[in-house]
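So this block is upload.cif, mmCIF, C-alpha atoms and all ligand atoms:
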data_coords
#
loop_
_atom_site.label_atom_id
_atom_site.label_comp_id
_atom_site.auth_asym_id
_atom_site.auth_seq_id
_atom_site.Cartn_x
_atom_site.Cartn_y
_atom_site.Cartn_z
CA MET A 1 61.65 -69.54 61.62
CA SER A 2 63.97 -68.36 58.86
CA GLU A 3 66.84 -66.11 60.04
CA ILE A 4 65.98 -63.42 57.48
CA LEU A 5 62.46 -63.10 58.90
CA VAL A 6 63.95 -62.63 62.37
CA GLN A 7 66.25 -59.93 60.95
CA LEU A 8 63.27 -58.21 59.30
CA SER A 9 61.35 -58.27 62.55
CA GLU A 10 64.38 -56.79 64.37
CA ALA A 11 64.75 -54.10 61.70
CA ILE A 12 61.14 -53.03 62.38
CA ILE A 13 61.76 -52.97 66.14
CA ASP A 14 65.00 -50.97 65.67
CA GLY A 15 63.38 -48.65 63.11
CA ASN A 16 66.19 -49.56 60.76
CA VAL A 17 64.98 -47.74 57.65
CA GLU A 18 68.44 -48.04 56.03
CA ASP A 19 68.62 -51.85 55.92
CA ILE A 20 65.00 -52.90 55.65
CA VAL A 21 64.75 -52.61 51.87
CA ASP A 22 67.82 -54.86 51.37
CA LEU A 23 66.49 -57.35 53.90
CA THR A 24 63.08 -57.43 52.19
CA GLU A 25 64.71 -58.01 48.81
CA GLU A 26 66.88 -60.75 50.28
CA ALA A 27 63.84 -62.50 51.78
CA LEU A 28 61.99 -62.35 48.45
CA ASP A 29 65.10 -63.57 46.58
CA ASP A 30 65.27 -66.50 49.00
CA GLY A 31 61.81 -67.46 47.76
CA ILE A 32 59.88 -66.49 50.89
CA PRO A 33 56.34 -65.50 49.80
CA ALA A 34 55.49 -61.80 50.20
CA GLN A 35 52.59 -62.69 52.50
CA GLU A 36 54.97 -64.53 54.85
CA VAL A 37 57.47 -61.63 54.80
CA LEU A 38 54.60 -59.39 55.84
CA ASN A 39 53.09 -61.62 58.53
CA LYS A 40 56.13 -63.30 60.08
CA GLY A 41 58.66 -60.50 59.55
CA LEU A 42 57.05 -57.05 59.57
CA MET A 43 53.89 -57.71 61.59
CA ALA A 44 55.77 -59.76 64.17
CA GLY A 45 58.12 -56.79 64.66
CA MET A 46 55.26 -54.32 64.86
CA ASP A 47 53.46 -56.45 67.47
CA HIS A 48 56.56 -56.23 69.63
CA VAL A 49 56.74 -52.45 69.08
CA GLY A 50 53.10 -52.14 70.18
CA ALA A 51 53.74 -54.08 73.38
CA GLU A 52 56.86 -52.05 74.22
CA PHE A 53 55.06 -48.77 73.46
CA LYS A 54 52.24 -49.80 75.77
CA ALA A 55 54.68 -50.76 78.51
CA GLY A 56 56.38 -47.36 78.24
CA ASN A 57 59.65 -48.85 76.98
CA MET A 58 59.41 -47.20 73.56
CA PHE A 59 58.41 -43.64 72.74
CA VAL A 60 56.71 -41.87 69.83
CA PRO A 61 59.88 -40.97 67.82
CA GLU A 62 61.06 -44.60 67.99
CA VAL A 63 57.63 -45.92 67.03
CA LEU A 64 57.59 -43.49 64.09
CA ARG A 65 60.91 -44.89 62.85
CA SER A 66 59.45 -48.40 63.11
CA ALA A 67 56.42 -47.22 61.13
CA LYS A 68 58.73 -45.70 58.48
CA ALA A 69 60.67 -48.94 58.19
CA MET A 70 57.41 -50.85 57.82
CA GLN A 71 56.24 -48.52 55.02
CA ALA A 72 59.57 -48.84 53.18
CA SER A 73 59.29 -52.63 53.17
CA MET A 74 55.59 -52.53 52.28
CA ASP A 75 56.41 -50.42 49.21
CA LEU A 76 58.30 -53.43 47.87
CA LEU A 77 55.66 -55.98 48.84
CA ARG A 78 52.64 -54.02 47.58
CA PRO A 79 52.96 -54.78 43.83
CA ILE A 80 53.73 -58.44 44.51
CA LEU A 81 50.69 -58.90 46.74
CA ALA A 82 48.53 -56.98 44.27
CA GLU A 83 49.66 -59.16 41.35
CA ALA A 84 48.17 -62.21 43.00
CA GLY A 85 44.69 -60.73 42.74
CA VAL A 86 41.97 -61.13 40.17
CA LYS A 87 41.28 -57.72 38.66
CA HIS A 88 38.11 -55.66 38.68
CA THR A 89 36.39 -56.94 41.78
CA GLY A 90 35.05 -53.47 42.49
CA LYS A 91 36.08 -50.07 43.85
CA LEU A 92 37.11 -49.56 47.47
CA LEU A 93 37.49 -46.16 49.09
CA LEU A 94 39.66 -46.21 52.19
CA GLY A 95 40.54 -43.80 54.96
CA THR A 96 41.59 -43.46 58.58
CA VAL A 97 38.96 -41.37 60.33
CA LYS A 98 39.22 -37.77 61.54
CA GLY A 99 41.58 -37.25 64.47
CA ASP A 100 43.46 -40.48 63.86
CA LEU A 101 46.93 -40.59 62.31
CA HIS A 102 47.49 -44.35 62.39
CA ASP A 103 47.66 -45.59 58.82
CA ILE A 104 49.73 -48.76 58.73
CA GLY A 105 46.79 -51.14 59.20
CA LYS A 106 44.68 -49.15 56.74
CA ASN A 107 47.52 -49.32 54.20
CA LEU A 108 47.63 -53.08 54.67
CA VAL A 109 43.91 -53.31 54.02
CA GLY A 110 44.50 -51.38 50.78
CA MET A 111 47.27 -53.76 49.73
CA MET A 112 45.20 -56.84 50.48
CA ALA A 113 42.19 -55.39 48.68
CA GLU A 114 44.33 -54.68 45.62
CA GLY A 115 45.43 -58.28 45.91
CA ALA A 116 41.77 -59.30 45.90
CA GLY A 117 41.26 -57.36 42.65
CA PHE A 118 39.83 -54.09 43.99
CA GLU A 119 40.64 -50.73 42.51
CA VAL A 120 41.60 -48.89 45.69
CA LYS A 121 41.32 -45.16 46.31
CA ASP A 122 43.10 -44.33 49.56
CA LEU A 123 42.13 -40.96 51.03
CA GLY A 124 44.83 -41.19 53.69
CA LYS A 125 44.43 -40.38 57.35
CA ASP A 126 42.54 -37.82 59.48
CA ILE A 127 39.58 -37.96 57.06
CA THR A 128 36.44 -36.06 58.05
CA PRO A 129 32.91 -37.37 57.40
CA ASP A 130 32.50 -34.60 54.79
CA GLN A 131 35.64 -35.71 52.98
CA PHE A 132 34.27 -39.26 52.79
CA VAL A 133 30.98 -37.89 51.44
CA SER A 134 32.72 -35.81 48.73
CA ALA A 135 34.97 -38.69 47.74
CA ILE A 136 32.01 -41.07 47.40
CA LYS A 137 30.32 -38.59 45.04
CA GLU A 138 33.48 -38.22 43.00
CA TYR A 139 34.80 -41.76 43.01
CA GLN A 140 31.59 -43.83 43.23
CA PRO A 141 33.02 -46.76 45.17
CA ASP A 142 31.19 -50.02 45.83
CA VAL A 143 32.62 -50.22 49.34
CA ILE A 144 34.10 -47.74 51.79
CA GLY A 145 36.50 -48.88 54.49
CA MET A 146 37.18 -46.87 57.63
CA SER A 147 40.03 -47.52 60.00
CA ALA A 148 40.47 -46.25 63.58
CA LEU A 149 43.13 -47.17 66.13
CA LEU A 150 42.07 -44.98 69.02
CA THR A 151 39.12 -45.48 71.31
CA THR A 152 38.61 -41.72 71.05
CA THR A 153 38.32 -41.73 67.24
CA MET A 154 36.33 -44.89 66.54
CA ARG A 155 33.08 -43.01 67.18
CA VAL A 156 33.88 -40.85 64.11
CA MET A 157 33.00 -43.96 62.09
CA GLY A 158 29.44 -43.60 63.35
CA HIS A 159 29.45 -39.87 62.50
CA THR A 160 30.62 -40.71 58.99
CA ILE A 161 27.80 -43.23 58.49
CA LYS A 162 25.33 -40.56 59.68
CA ALA A 163 26.83 -38.08 57.19
CA LEU A 164 26.36 -40.64 54.39
CA GLU A 165 22.71 -41.05 55.40
CA GLU A 166 22.19 -37.28 55.45
CA ALA A 167 23.78 -36.98 52.01
CA GLY A 168 21.47 -39.72 50.68
CA LEU A 169 24.45 -41.95 49.89
CA ARG A 170 24.11 -44.71 52.44
CA ASP A 171 22.25 -47.11 50.13
CA ARG A 172 24.82 -46.67 47.38
CA VAL A 173 27.82 -48.08 49.27
CA LYS A 174 28.67 -50.88 51.63
CA VAL A 175 30.58 -49.76 54.71
CA ILE A 176 33.23 -51.85 56.43
CA VAL A 177 35.16 -50.90 59.55
CA GLY A 178 38.21 -52.12 61.42
CA GLY A 179 41.16 -51.23 63.60
CA ALA A 180 42.43 -52.49 66.94
CA PRO A 181 39.66 -51.13 69.24
CA VAL A 182 36.81 -51.87 66.80
CA THR A 183 34.60 -54.92 67.32
CA GLN A 184 31.73 -56.61 65.52
CA GLU A 185 29.41 -55.35 68.24
CA PHE A 186 30.54 -51.77 67.67
CA ALA A 187 30.12 -52.19 63.91
CA ASN A 188 26.54 -53.36 64.48
CA GLN A 189 25.86 -50.42 66.80
CA ILE A 190 26.90 -47.79 64.24
CA GLY A 191 25.13 -49.53 61.36
CA ALA A 192 28.17 -50.64 59.35
CA ASP A 193 27.72 -53.50 56.88
CA GLY A 194 30.68 -55.40 58.24
CA TYR A 195 33.71 -55.58 60.50
CA ALA A 196 37.00 -57.33 59.85
CA PRO A 197 39.69 -58.02 62.44
CA ASN A 198 42.59 -57.93 59.98
CA ALA A 199 43.56 -56.81 56.52
CA ALA A 200 43.17 -60.16 54.81
CA SER A 201 39.67 -60.68 56.18
CA ALA A 202 38.78 -57.07 55.30
CA ALA A 203 39.58 -57.79 51.65
CA GLU A 204 37.58 -61.01 51.80
CA LEU A 205 34.63 -59.25 53.43
CA ALA A 206 34.67 -56.45 50.83
CA ARG A 207 34.66 -59.08 48.11
CA LYS A 208 31.71 -60.87 49.67
CA LEU A 209 29.78 -57.62 49.97
CA VAL A 210 30.13 -56.78 46.27
CA SER A 211 29.50 -60.26 44.93
CO1 LIG A 301 49.71 -44.97 68.45
N1 LIG A 301 48.52 -45.83 69.75
N2 LIG A 301 49.31 -43.24 69.25
N3 LIG A 301 51.04 -44.31 67.22
N4 LIG A 301 50.19 -46.75 68.12
C1 LIG A 301 48.28 -47.27 69.60
C2 LIG A 301 47.10 -47.53 68.68
C3 LIG A 301 48.03 -47.73 71.09
C4 LIG A 301 47.15 -48.98 71.22
C5 LIG A 301 49.39 -47.90 71.80
C6 LIG A 301 49.26 -48.36 73.23
O1 LIG A 301 49.00 -47.57 74.10
N5 LIG A 301 49.41 -49.64 73.43
C7 LIG A 301 47.36 -46.45 71.69
C8 LIG A 301 45.83 -46.37 71.58
C9 LIG A 301 45.13 -46.54 72.90
C10 LIG A 301 43.66 -46.49 72.73
O2 LIG A 301 43.08 -45.60 72.16
N6 LIG A 301 43.03 -47.52 73.23
C11 LIG A 301 48.05 -45.35 70.88
C12 LIG A 301 48.15 -44.01 71.28
C13 LIG A 301 47.61 -43.68 72.67
C14 LIG A 301 48.70 -43.00 70.46
C15 LIG A 301 48.86 -41.52 70.77
C16 LIG A 301 47.66 -40.85 71.45
C17 LIG A 301 50.16 -41.39 71.59
C18 LIG A 301 50.49 -40.02 72.05
O3 LIG A 301 50.71 -39.12 71.27
N7 LIG A 301 50.49 -39.90 73.35
C19 LIG A 301 49.09 -40.89 69.37
C20 LIG A 301 47.78 -40.52 68.66
C21 LIG A 301 48.02 -39.81 67.35
C22 LIG A 301 46.72 -39.70 66.54
O4 LIG A 301 46.37 -40.64 65.85
N8 LIG A 301 46.02 -38.58 66.65
C23 LIG A 301 49.73 -42.06 68.69
C24 LIG A 301 50.66 -41.93 67.67
C25 LIG A 301 51.29 -42.99 67.02
C26 LIG A 301 52.38 -42.80 65.99
C27 LIG A 301 52.14 -41.59 65.06
C28 LIG A 301 53.68 -42.61 66.73
C29 LIG A 301 52.39 -44.20 65.28
C30 LIG A 301 51.49 -44.27 64.00
C31 LIG A 301 52.31 -44.19 62.73
C32 LIG A 301 51.48 -44.56 61.53
O5 LIG A 301 50.49 -45.26 61.58
N9 LIG A 301 51.92 -44.04 60.41
C33 LIG A 301 51.73 -45.08 66.33
C34 LIG A 301 51.80 -46.49 66.32
C35 LIG A 301 52.70 -47.12 65.27
C36 LIG A 301 51.08 -47.30 67.25
C37 LIG A 301 51.17 -48.81 67.50
C38 LIG A 301 52.47 -49.06 68.26
C39 LIG A 301 51.16 -49.70 66.30
C40 LIG A 301 49.97 -49.49 65.36
C41 LIG A 301 50.21 -50.27 64.11
O6 LIG A 301 50.58 -49.71 63.11
N10 LIG A 301 50.09 -51.61 64.22
C42 LIG A 301 49.85 -49.07 68.35
C43 LIG A 301 49.98 -50.22 69.33
C44 LIG A 301 49.46 -51.50 68.72
O7 LIG A 301 48.60 -51.52 67.87
N11 LIG A 301 49.93 -52.58 69.21
C45 LIG A 301 49.49 -47.72 68.82
C46 LIG A 301 50.35 -52.51 63.11
C47 LIG A 301 49.11 -52.53 62.21
C48 LIG A 301 49.34 -53.53 61.07
O8 LIG A 301 48.02 -52.99 63.00
O9 LIG A 301 46.76 -50.80 62.71
O10 LIG A 301 45.92 -52.60 64.30
P1 LIG A 301 46.62 -52.21 63.06
O11 LIG A 301 45.82 -52.87 61.84
C49 LIG A 301 45.39 -54.20 61.89
C50 LIG A 301 43.94 -54.38 62.36
O12 LIG A 301 43.56 -53.45 63.35
C51 LIG A 301 43.16 -54.35 61.10
O13 LIG A 301 44.04 -54.86 60.10
C52 LIG A 301 45.42 -54.70 60.50
C53 LIG A 301 46.10 -56.08 60.50
O14 LIG A 301 45.94 -56.80 59.38
N12 LIG A 301 42.64 -53.08 60.57
C54 LIG A 301 41.51 -53.09 59.80
C55 LIG A 301 43.09 -51.83 60.64
N13 LIG A 301 42.31 -51.00 59.95
C56 LIG A 301 41.32 -51.76 59.41
C57 LIG A 301 40.24 -51.41 58.59
C58 LIG A 301 39.38 -52.44 58.19
C59 LIG A 301 39.58 -53.75 58.61
C60 LIG A 301 40.65 -54.11 59.41
O15 LIG A 301 38.33 -52.23 57.39
C61 LIG A 301 38.26 -51.03 56.68
#

Kindly transcribe the structure held in the file into structure tokens.
Ligand code: B1M
Amino acid sequence: MSEILVQLSEAIIDGNVEDIVDLTEEALDDGIPAQEVLNKGLMAGMDHVGAEFKAGNMFVPEVLRSAKAMQASMDLLRPILAEAGVKHTGKLLLGTVKGDLHDIGKNLVGMMAEGAGFEVKDLGKDITPDQFVSAIKEYQPDVIGMSALLTTTMRVMGHTIKALEEAGLRDRVKVIVGGAPVTQEFANQIGADGYAPNAASAAELARKLVS
């Protein structure tokens, strides 16, 4: 693997917010496609961070610095990935559910969906079922995407779908769900229209659902 991708991965692990922008620019200048910078540099680093966090070798402040570094690099990649897309596929409303502050995966889904031509409205994180309902009324999306990274918050996806039903909105939107603990089986259980294991397949799924 290219040395610059290794350096990018290390910058994520070290939470090196200072150097990551230069390294990202260098990788792009070297002609490495944005998608490869994301997958083989940033995501590879974040996988390592996840494993170390789980093993108790890294702690929340360090993980937060890694997340910051990831966001800084993603800010550069976002427009490039989006440019590749065909415009006007549909509207996607995105959010991480109530009680959950993990937003990196959700942000990636947004980037990939922009790349697939969606107009993306990102509500952010810690989004209540009521906030989803209000945003659907205001924004009129074709698809809503919910992300959850905690086993304790994934059930909020089901609550949100119930809230859509109660508000009479369920038939107006397709609902897709994802995040590390989420499975196809869980998506079926809560009545979602689809589940995607990663950001690229989420964008593809959303596209399929609107076509
Ligand atoms: Co948290 N955290 N965290 N954390 N954190 C996990 C998720 C955990 C698995 C770590 C571990 O123990 N191994 C664990 C959850 C355990 C569980 O519930 N089973 C955990 C925990 C326990 C916690 C806290 C409770 C820790 C604490 O305070 N004691 C706390 C909870 C805070 C809260 O949310 N209320 C917490 C806090 C944090 C930070 C704030 C420090 C930080 C988040 C910063 C941020 O997001 N801005 C953080 C991080 C960074 C992680 C890990 C290390 C990395 C997550 C990540 O960004 N991965 C994570 C361990 C891990 O995942 N290996 C962990 C990279 C990202 C690209 O992947 O988000 O999975 P991911 O997204 C993927 C797919 O899941 C999918 O696409 C992406 C890839 O293409 N996807 C979708 C995601 N959303 C989708 C939506 C879709 C479709 C696909 O459709 C709409």

Excluding segment 135-141 of chain A and any residue of its chain fewer than 3 positions from it, enumerate the residues within 12 Å of it, using all atoms listed in the file, and give them as number ranges by chain. A: 89-95, 118-124, 127-132, 144-145, 160, 163-164, 167-175, 206, 210

Restricting the calculation to only C-alpha atoms, which member of A:Asn188, A:Ala116, A:Met154, A:Ser147 is positioned closest to Ser201 of chain A?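 Of A:Asn188, A:Ala116, A:Met154, A:Ser147, the one nearest Ser201 of chain A, counting only C-alpha atoms, is A:Ala116.
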
All residues 12 Å or closer to Asn39 of chain A, all atoms listed in the file, same chain fewer than 5 positions away omitted, as a list in words: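 The neighbour list is Leu5, Val6, Leu8, Ser9, Ile32, Pro33, Ala34, Ala44, Gly45, Met46, Asp47, Met70, Met74, Leu77, Leu108, Asn198, Ala199 and Ala200 of chain A.
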
In terms of only C-alpha atoms and all ligand atoms, the residue from A:Glu114, A:Asp14, A:Asp126, A:Glu36 at minimal distance from ligand LIG 301 (chain A) is A:Asp126

Could you tell me, counting all atoms listed in the file, which protein and nucleic acid residues lie no more than 8 Å from ligand LIG 301 (chain A), written as a PyMOL selection string? chain A and resi 43+46-55+59-64+66-68+94-96+99-109+126+144-153+176-182+195-202

Atom CA of Val97 of chain A to atom CA of Met157 of chain A, distance in Å rounded to a single decimal: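 One can read the atom CA of Val97 of chain A to atom CA of Met157 of chain A distance as 6.7 Å.
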
Interatomic distance between atom CA of Ile20 of chain A and atom CA of Met112 of chain A?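 Spanning atom CA of Ile20 of chain A to atom CA of Met112 of chain A is a straight-line distance of 20.8 Å.
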
How many Å separate atom CA of Glu3 of chain A from atom CA of Ala27 of chain A?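 A separation of 9.5 Å between them.
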
My list of candidates is A:Ser2, A:Ser134, A:Thr24, A:Gln189. Which is closest to Leu42 of chain A when distances are computed with all atoms listed in the file?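 Result for the nearest residue to Leu42 of chain A: A:Thr24.
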
Return the single residue from A:Gln35, A:Lys162, A:Arg65, A:Asn57 that is closest to Ile80 of chain A, with distances computed using all atoms listed in the file.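 Using all atoms listed in the file, the shortest distance to Ile80 of chain A belongs to A:Gln35.
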
Point out the residue among A:Ile190, A:His159, A:Lys98, A:Glu204 with the least atom-to-atom distance to Lys125 of chain A, counting all atoms listed in the file.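 Comparing A:Ile190, A:His159, A:Lys98, A:Glu204 against Lys125 of chain A, the winner is A:Lys98.
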
With distances taken over all atoms listed in the file, which of A:Gly158, A:Gly117, A:Gln71, A:Arg207 is nearest to Phe186 of chain A?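 Result for the nearest residue to Phe186 of chain A: A:Gly158.
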
For Glu25 of chain A, list every protein, DNA or RNA residue within 9 Å, evaluated using only C-alpha atoms, and leave out those in the same chain fewer than 5 positions away; present the list as a ChimeraX atom specification. /A:20,30,73,76
